[in-house]
Amino acid sequence: MVEAPYINLHIGATALHYGQACFEGLKAFAHEDENVYIFRPDENAKRLQSSCERIMMPPVPHDLFMKVCNDVVKDNIAYVPPYGSGGALYLRPLLFGSGPRIGLQPADEYTFLIMVIPVGDYYKGGLASPVDALIIDDYDRAAPRGVGNVKVAGNYAADLLPNMQGKKKGFPISLYLDAATQSLVEEFSTSNFVGIDNDAKKYITPISPSVLPSITNKSLMTIAKDEGYEVETRDIPVEEMERFDEVVACGTAVVVTPVGSVTRFGKDGEPTKYEFGDSDKVGAKTQKLYNRVRAIQLGEEEDKWGWNVKVQ
């Protein structure tokens with residue numbers, strides 16, 4: 001345990017030159033019983049191992065990952081926002097190549113650390129109004145056989161420019177299509193895509209080797225099934241968005257961001273706009289899914305799938 005947010009690093013570290021770095025994100029919550037629980041850390045442990053294997057870093061052993069998550073929360077227990085505040089202690093595990101290599105090869109040394117940050121309720125007072133998304137046509141987030149399905153640092157650097165350009169056009173969130181054909185929905189900048197068809201009672205999310213498997217999405221899929229919805233993981237043609245009653249972007253930070261519309265500009269500059277339900281209001285199913293995930297995280301609903309891990 002250290003207090004200083006700085007480390008000494010060799011200037012030849014592979015993380016700096018060749019992007020040998022991956023990370024995770026998860027949260028710990030205070031419950032009414034005055035204990036603190038980490039939400040689904042076992043899934044983060046597995047996903048980190050997958051990232052390590054893809055860019056030739058030694059995987060962090062599962063038991064070690066679980067232990068250090070527990071220990072860092074326990075050591076910072078005073079910084080866990082209290083039950084009732086809606087806040088959480090955010091954990092950011094980070095693994096990177098710290099050994100020097102100037103030739104392209106894996107490092108001989110790796111550094112694993114976890115930083116923790118108290119965070120407030122992202123949507124204080126309830127879910128925010130739906131946001132408008134922009135389809136990115138000039139850039140690709142990831143190649144079909146690249147590293148889009150693992151949580152490596154470089155994936156996020158690639159999104160900085162198109163994300164900022166979209167925001168300047170008035171779109172808070174950006175949606176990427178598949179790099180090969182530009183015809184299939186893949187994912188938002190930092191979140192998975194979910195389309196909801198209430199008439200057919202379907203929860204639909206893309207399947208692609210370029211999409212990062214979201215632990216939040218995995219949780220929402222389980223709850224959607226429990227709500228009687230059929231879950232489909234498959235290709236989603238852009239035009240199919242016309243059929244969705246609700247669309248959400250899901251991830252650790254927010255659980256869900258309601259999306260009211262998705263706009264795509266043609267080569268002639270003319271926009272095609274897909275709108276979902278009442279685009280000014282949060283959809284009923286989006287609200288229900290969000291409420292149930294948050295209730296489980298906060299210990300207000302039975303944790304029948306065993307997602308919460310008590311800090312000991």
# chains A, B, ... in the order shown; residues from 1 in each chain; ligands from 1

call {"tool": "residues_around", "arguments": {"residues": "Pro209 of chain A", "least_positions_apart": "3", "cutoff": "10 Å", "atoms": "only C-alpha atoms", "output": "PDB file with N, CA, C and O atoms, in the first residue's frame"}}
result
ATOM      1  N   ALA A 142     -11.642  -0.649 -34.043  1.00  0.00           N
ATOM      2  CA  ALA A 142     -10.763  -1.821 -33.976  1.00  0.00           C
ATOM      3  C   ALA A 142     -10.927  -2.654 -35.238  1.00  0.00           C
ATOM      4  O   ALA A 142     -11.983  -2.643 -35.874  1.00  0.00           O
ATOM      5  N   ALA A 143      -9.872  -3.376 -35.586  1.00  0.00           N
ATOM      6  CA  ALA A 143      -9.912  -4.267 -36.747  1.00  0.00           C
ATOM      7  C   ALA A 143     -10.533  -5.603 -36.347  1.00  0.00           C
ATOM      8  O   ALA A 143     -10.483  -6.001 -35.179  1.00  0.00           O
ATOM      9  N   PRO A 144     -11.119  -6.339 -37.321  1.00  0.00           N
ATOM     10  CA  PRO A 144     -11.803  -7.594 -36.995  1.00  0.00           C
ATOM     11  C   PRO A 144     -10.937  -8.611 -36.271  1.00  0.00           C
ATOM     12  O   PRO A 144     -11.415  -9.350 -35.426  1.00  0.00           O
ATOM     13  N   ARG A 145      -9.650  -8.659 -36.597  1.00  0.00           N
ATOM     14  CA  ARG A 145      -8.765  -9.611 -35.919  1.00  0.00           C
ATOM     15  C   ARG A 145      -7.703  -8.886 -35.101  1.00  0.00           C
ATOM     16  O   ARG A 145      -6.594  -9.387 -34.912  1.00  0.00           O
ATOM     17  N   GLY A 146      -8.065  -7.700 -34.624  1.00  0.00           N
ATOM     18  CA  GLY A 146      -7.138  -6.899 -33.832  1.00  0.00           C
ATOM     19  C   GLY A 146      -7.305  -7.138 -32.350  1.00  0.00           C
ATOM     20  O   GLY A 146      -7.423  -8.277 -31.896  1.00  0.00           O
ATOM     21  N   VAL A 147      -7.357  -6.040 -31.583  1.00  0.00           N
ATOM     22  CA  VAL A 147      -7.414  -6.161 -30.126  1.00  0.00           C
ATOM     23  C   VAL A 147      -8.667  -5.496 -29.537  1.00  0.00           C
ATOM     24  O   VAL A 147      -8.704  -5.152 -28.354  1.00  0.00           O
ATOM     25  N   GLY A 148      -9.701  -5.350 -30.357  1.00  0.00           N
ATOM     26  CA  GLY A 148     -10.918  -4.707 -29.876  1.00  0.00           C
ATOM     27  C   GLY A 148     -11.644  -5.483 -28.795  1.00  0.00           C
ATOM     28  O   GLY A 148     -12.399  -4.905 -28.019  1.00  0.00           O
ATOM     29  N   ASN A 149     -11.401  -6.793 -28.719  1.00  0.00           N
ATOM     30  CA  ASN A 149     -12.113  -7.627 -27.746  1.00  0.00           C
ATOM     31  C   ASN A 149     -11.372  -7.767 -26.417  1.00  0.00           C
ATOM     32  O   ASN A 149     -11.768  -8.562 -25.563  1.00  0.00           O
ATOM     33  N   VAL A 150     -10.281  -7.015 -26.248  1.00  0.00           N
ATOM     34  CA  VAL A 150      -9.561  -7.014 -24.973  1.00  0.00           C
ATOM     35  C   VAL A 150      -9.389  -5.567 -24.515  1.00  0.00           C
ATOM     36  O   VAL A 150      -9.460  -4.632 -25.314  1.00  0.00           O
ATOM     37  N   ASP A 178     -18.760  -1.997 -37.929  1.00  0.00           N
ATOM     38  CA  ASP A 178     -17.681  -2.951 -38.191  1.00  0.00           C
ATOM     39  C   ASP A 178     -16.729  -2.381 -39.237  1.00  0.00           C
ATOM     40  O   ASP A 178     -17.135  -1.740 -40.205  1.00  0.00           O
ATOM     41  N   GLU A 186     -21.401  -2.083 -33.967  1.00  0.00           N
ATOM     42  CA  GLU A 186     -20.444  -2.760 -33.081  1.00  0.00           C
ATOM     43  C   GLU A 186     -20.582  -2.248 -31.655  1.00  0.00           C
ATOM     44  O   GLU A 186     -21.227  -2.854 -30.841  1.00  0.00           O
ATOM     45  N   PRO A 206     -24.685  -6.775 -30.128  1.00  0.00           N
ATOM     46  CA  PRO A 206     -23.849  -7.295 -31.219  1.00  0.00           C
ATOM     47  C   PRO A 206     -22.900  -8.407 -30.781  1.00  0.00           C
ATOM     48  O   PRO A 206     -22.417  -8.429 -29.650  1.00  0.00           O
ATOM     49  N   LEU A 212     -15.479  -5.434 -27.017  1.00  0.00           N
ATOM     50  CA  LEU A 212     -15.056  -5.835 -25.681  1.00  0.00           C
ATOM     51  C   LEU A 212     -16.239  -6.435 -24.921  1.00  0.00           C
ATOM     52  O   LEU A 212     -17.292  -5.803 -24.816  1.00  0.00           O
ATOM     53  N   PRO A 213     -16.094  -7.653 -24.376  1.00  0.00           N
ATOM     54  CA  PRO A 213     -17.186  -8.239 -23.583  1.00  0.00           C
ATOM     55  C   PRO A 213     -17.395  -7.429 -22.297  1.00  0.00           C
ATOM     56  O   PRO A 213     -16.519  -7.381 -21.439  1.00  0.00           O
TER      57      PRO A 213
END

call {"tool": "closest_residue", "arguments": {"among": "A:Lys273, A:Gly19, A:Asn76, A:Val293", "to": "Ile135 of chain A", "atoms": "only C-alpha atoms"}}
result
A:Lys273

call {"tool": "closest_atom_pairs", "arguments": {"of": "segment 115-152 of chain A", "to": "segment 265-269 of chain A", "cutoff": "12 Å", "atoms": "only C-alpha atoms", "output": "CSV"}}
result
residue,atom,partner,partner_atom,distance
A:Ala133,CA,A:Phe265,CA,11.7
A:Leu134,CA,A:Phe265,CA,8.5
A:Ile135,CA,A:Phe265,CA,7.8
A:Ile136,CA,A:Phe265,CA,9.0
A:Asp137,CA,A:Phe265,CA,8.3
A:Asp138,CA,A:Phe265,CA,10.7

call {"tool": "write_last_selection", "arguments": {"atoms": "N, CA, C and O atoms", "output": "short mmCIF file (atom, residue, chain, number, x, y, z; two decimals), in the first residue's frame"}}
result
data_model
loop_
_atom_site.label_atom_id
_atom_site.label_comp_id
_atom_site.auth_asym_id
_atom_site.auth_seq_id
_atom_site.Cartn_x
_atom_site.Cartn_y
_atom_site.Cartn_z
N ALA A 133 -26.57 10.06 -30.29
CA ALA A 133 -25.31 9.43 -30.70
C ALA A 133 -25.03 9.70 -32.17
O ALA A 133 -25.94 9.90 -32.97
N LEU A 134 -23.75 9.69 -32.51
CA LEU A 134 -23.30 9.89 -33.89
C LEU A 134 -22.57 8.65 -34.37
O LEU A 134 -21.68 8.14 -33.68
N ILE A 135 -22.92 8.14 -35.55
CA ILE A 135 -22.17 7.03 -36.15
C ILE A 135 -20.87 7.58 -36.74
O ILE A 135 -20.87 8.56 -37.48
N ILE A 136 -19.77 6.93 -36.38
CA ILE A 136 -18.44 7.32 -36.87
C ILE A 136 -18.16 6.57 -38.17
O ILE A 136 -18.07 5.34 -38.18
N ASP A 137 -18.03 7.30 -39.27
CA ASP A 137 -17.75 6.69 -40.56
C ASP A 137 -16.30 6.87 -41.02
O ASP A 137 -15.81 6.12 -41.87
N ASP A 138 -15.62 7.85 -40.47
CA ASP A 138 -14.28 8.16 -40.96
C ASP A 138 -13.17 7.41 -40.23
O ASP A 138 -12.01 7.46 -40.63
#

call {"tool": "select_by_dssp", "arguments": {"residues": "segment 193-311 of chain A", "states": "helix (DSSP H, G or I)", "output": "ChimeraX atom specification"}}
result
/A:215-226,238-243,284-297

call {"tool": "write_last_selection", "arguments": {"atoms": "N, CA, C and O atoms", "output": "CSV table (one decimal), in the first residue's frame"}}
result
chain,number,residue,atom,x,y,z
A,215,ILE,N,-18.9,-6.6,-18.7
A,215,ILE,CA,-19.4,-7.3,-17.6
A,215,ILE,C,-20.8,-6.7,-17.2
A,215,ILE,O,-21.7,-7.4,-16.8
A,216,THR,N,-21.0,-5.4,-17.4
A,216,THR,CA,-22.3,-4.8,-17.2
A,216,THR,C,-23.3,-5.4,-18.1
A,216,THR,O,-24.4,-5.7,-17.8
A,217,ASN,N,-22.9,-5.5,-19.4
A,217,ASN,CA,-23.8,-6.1,-20.4
A,217,ASN,C,-24.2,-7.5,-20.0
A,217,ASN,O,-25.3,-8.0,-20.1
A,218,LYS,N,-23.2,-8.3,-19.6
A,218,LYS,CA,-23.4,-9.7,-19.2
A,218,LYS,C,-24.4,-9.7,-18.0
A,218,LYS,O,-25.3,-10.6,-18.0
A,219,SER,N,-24.3,-8.8,-17.1
A,219,SER,CA,-25.3,-8.7,-16.0
A,219,SER,C,-26.7,-8.3,-16.5
A,219,SER,O,-27.7,-8.9,-16.0
A,220,LEU,N,-26.7,-7.4,-17.4
A,220,LEU,CA,-28.0,-6.9,-17.9
A,220,LEU,C,-28.7,-8.1,-18.7
A,220,LEU,O,-29.9,-8.2,-18.6
A,221,MET,N,-27.9,-8.8,-19.4
A,221,MET,CA,-28.5,-10.0,-20.2
A,221,MET,C,-29.1,-11.0,-19.2
A,221,MET,O,-30.2,-11.5,-19.5
A,222,THR,N,-28.5,-11.2,-18.1
A,222,THR,CA,-29.0,-12.2,-17.1
A,222,THR,C,-30.3,-11.6,-16.6
A,222,THR,O,-31.3,-12.4,-16.4
A,223,ILE,N,-30.4,-10.4,-16.2
A,223,ILE,CA,-31.6,-9.7,-15.7
A,223,ILE,C,-32.7,-9.7,-16.7
A,223,ILE,O,-33.9,-9.9,-16.4
A,224,ALA,N,-32.3,-9.4,-18.0
A,224,ALA,CA,-33.3,-9.3,-19.1
A,224,ALA,C,-34.0,-10.7,-19.2
A,224,ALA,O,-35.2,-10.8,-19.4
A,225,LYS,N,-33.2,-11.8,-19.2
A,225,LYS,CA,-33.8,-13.1,-19.2
A,225,LYS,C,-34.7,-13.3,-18.1
A,225,LYS,O,-35.8,-13.9,-18.2
A,226,ASP,N,-34.3,-12.9,-16.9
A,226,ASP,CA,-35.2,-13.0,-15.7
A,226,ASP,C,-36.5,-12.2,-15.8
A,226,ASP,O,-37.5,-12.6,-15.2
A,238,VAL,N,-27.2,-1.9,-39.5
A,238,VAL,CA,-27.5,-0.5,-39.1
A,238,VAL,C,-29.0,-0.3,-39.3
A,238,VAL,O,-29.6,0.3,-38.4
A,239,GLU,N,-29.6,-0.7,-40.4
A,239,GLU,CA,-31.0,-0.4,-40.7
A,239,GLU,C,-31.9,-1.0,-39.6
A,239,GLU,O,-33.1,-0.6,-39.5
A,240,GLU,N,-31.5,-2.1,-38.9
A,240,GLU,CA,-32.4,-2.7,-37.9
A,240,GLU,C,-32.7,-1.8,-36.8
A,240,GLU,O,-33.6,-2.0,-36.0
A,241,MET,N,-31.9,-0.8,-36.6
A,241,MET,CA,-32.1,0.2,-35.5
A,241,MET,C,-33.5,0.8,-35.6
A,241,MET,O,-34.0,1.3,-34.6
A,242,GLU,N,-34.1,0.8,-36.8
A,242,GLU,CA,-35.4,1.3,-37.0
A,242,GLU,C,-36.4,0.6,-36.1
A,242,GLU,O,-37.5,1.1,-35.8
A,243,ARG,N,-36.1,-0.7,-35.8
A,243,ARG,CA,-37.1,-1.5,-35.1
A,243,ARG,C,-37.0,-1.4,-33.6
A,243,ARG,O,-37.8,-1.9,-32.8
A,284,ALA,N,-39.1,2.5,-20.4
A,284,ALA,CA,-39.5,1.8,-19.2
A,284,ALA,C,-38.6,0.6,-19.0
A,284,ALA,O,-38.2,0.3,-17.8
A,285,LYS,N,-38.2,-0.2,-20.0
A,285,LYS,CA,-37.3,-1.4,-19.8
A,285,LYS,C,-35.9,-0.9,-19.4
A,285,LYS,O,-35.3,-1.6,-18.6
A,286,THR,N,-35.4,0.1,-20.0
A,286,THR,CA,-34.1,0.6,-19.6
A,286,THR,C,-34.1,1.0,-18.2
A,286,THR,O,-33.2,0.6,-17.4
A,287,GLN,N,-35.1,1.7,-17.7
A,287,GLN,CA,-35.2,2.1,-16.3
A,287,GLN,C,-35.3,0.9,-15.4
A,287,GLN,O,-34.6,0.8,-14.4
A,288,LYS,N,-36.1,-0.1,-15.8
A,288,LYS,CA,-36.2,-1.3,-15.0
A,288,LYS,C,-34.9,-2.1,-14.9
A,288,LYS,O,-34.5,-2.5,-13.8
A,289,LEU,N,-34.2,-2.2,-16.0
A,289,LEU,CA,-32.9,-2.9,-16.0
A,289,LEU,C,-31.9,-2.2,-15.1
A,289,LEU,O,-31.1,-2.8,-14.3
A,290,TYR,N,-31.8,-0.9,-15.3
A,290,TYR,CA,-30.9,0.0,-14.5
A,290,TYR,C,-31.3,-0.2,-13.0
A,290,TYR,O,-30.4,-0.4,-12.1
A,291,ASN,N,-32.5,-0.1,-12.6
A,291,ASN,CA,-32.9,-0.2,-11.2
A,291,ASN,C,-32.5,-1.5,-10.6
A,291,ASN,O,-32.1,-1.5,-9.4
A,292,ARG,N,-32.7,-2.6,-11.4
A,292,ARG,CA,-32.4,-3.9,-10.8
A,292,ARG,C,-30.9,-4.1,-10.6
A,292,ARG,O,-30.4,-4.6,-9.6
A,293,VAL,N,-30.1,-3.6,-11.6
A,293,VAL,CA,-28.6,-3.7,-11.4
A,293,VAL,C,-28.2,-2.9,-10.2
A,293,VAL,O,-27.4,-3.4,-9.3
A,294,ARG,N,-28.7,-1.7,-10.1
A,294,ARG,CA,-28.3,-0.8,-9.0
A,294,ARG,C,-28.7,-1.4,-7.6
A,294,ARG,O,-28.0,-1.4,-6.6
A,295,ALA,N,-29.9,-2.0,-7.6
A,295,ALA,CA,-30.5,-2.6,-6.4
A,295,ALA,C,-29.6,-3.8,-5.9
A,295,ALA,O,-29.3,-3.9,-4.7
A,296,ILE,N,-29.1,-4.6,-6.9
A,296,ILE,CA,-28.2,-5.7,-6.5
A,296,ILE,C,-26.9,-5.2,-6.0
A,296,ILE,O,-26.4,-5.6,-5.0
A,297,GLN,N,-26.3,-4.2,-6.7
A,297,GLN,CA,-25.1,-3.6,-6.3
A,297,GLN,C,-25.1,-3.0,-4.9
A,297,GLN,O,-24.1,-3.1,-4.1

call {"tool": "select_by_dssp", "arguments": {"residues": "segment 28-97 of chain A", "states": "strand (DSSP E)", "output": "ChimeraX atom specification"}}
result
/A:28-30,36-39,88-97

call {"tool": "write_last_selection", "arguments": {"atoms": "C-alpha atoms", "output": "PDB file, in the first residue's frame"}}
result
ATOM      1  CA  ALA A  28     -17.154  -1.580  -4.391  1.00  0.00           C
ATOM      2  CA  PHE A  29     -20.393  -0.576  -2.650  1.00  0.00           C
ATOM      3  CA  ALA A  30     -21.425  -0.066   0.968  1.00  0.00           C
ATOM      4  CA  VAL A  36     -18.702  -3.434   1.726  1.00  0.00           C
ATOM      5  CA  TYR A  37     -19.077  -5.621  -1.360  1.00  0.00           C
ATOM      6  CA  ILE A  38     -17.204  -5.659  -4.687  1.00  0.00           C
ATOM      7  CA  PHE A  39     -19.391  -6.225  -7.739  1.00  0.00           C
ATOM      8  CA  ALA A  88     -18.964   3.736  -4.809  1.00  0.00           C
ATOM      9  CA  LEU A  89     -15.247   3.127  -4.545  1.00  0.00           C
ATOM     10  CA  TYR A  90     -13.961   2.722  -8.106  1.00  0.00           C
ATOM     11  CA  LEU A  91     -11.094   0.257  -8.603  1.00  0.00           C
ATOM     12  CA  ARG A  92      -8.733   0.578 -11.570  1.00  0.00           C
ATOM     13  CA  PRO A  93      -6.411  -2.465 -11.818  1.00  0.00           C
ATOM     14  CA  LEU A  94      -3.539  -1.781 -14.214  1.00  0.00           C
ATOM     15  CA  LEU A  95      -0.877  -4.109 -15.600  1.00  0.00           C
ATOM     16  CA  PHE A  96       1.908  -2.859 -17.840  1.00  0.00           C
ATOM     17  CA  GLY A  97       5.299  -3.776 -19.209  1.00  0.00           C
TER      18      GLY A  97
END

call {"tool": "atom_distance", "arguments": {"atom1": "atom CA of Glu24 of chain A", "atom2": "atom CA of Asn44 of chain A"}}
result
6.5 Å

call {"tool": "closest_residue", "arguments": {"among": "A:Asp71, A:Glu53, A:Asp140, A:Asp159", "to": "Pro106 of chain A", "atoms": "only C-alpha atoms"}}
result
A:Glu53

call {"tool": "closest_residue", "arguments": {"among": "A:Tyr139, A:Tyr110, A:Phe244, A:Tyr229", "to": "Val194 of chain A", "atoms": "only C-alpha atoms"}}
result
A:Phe244
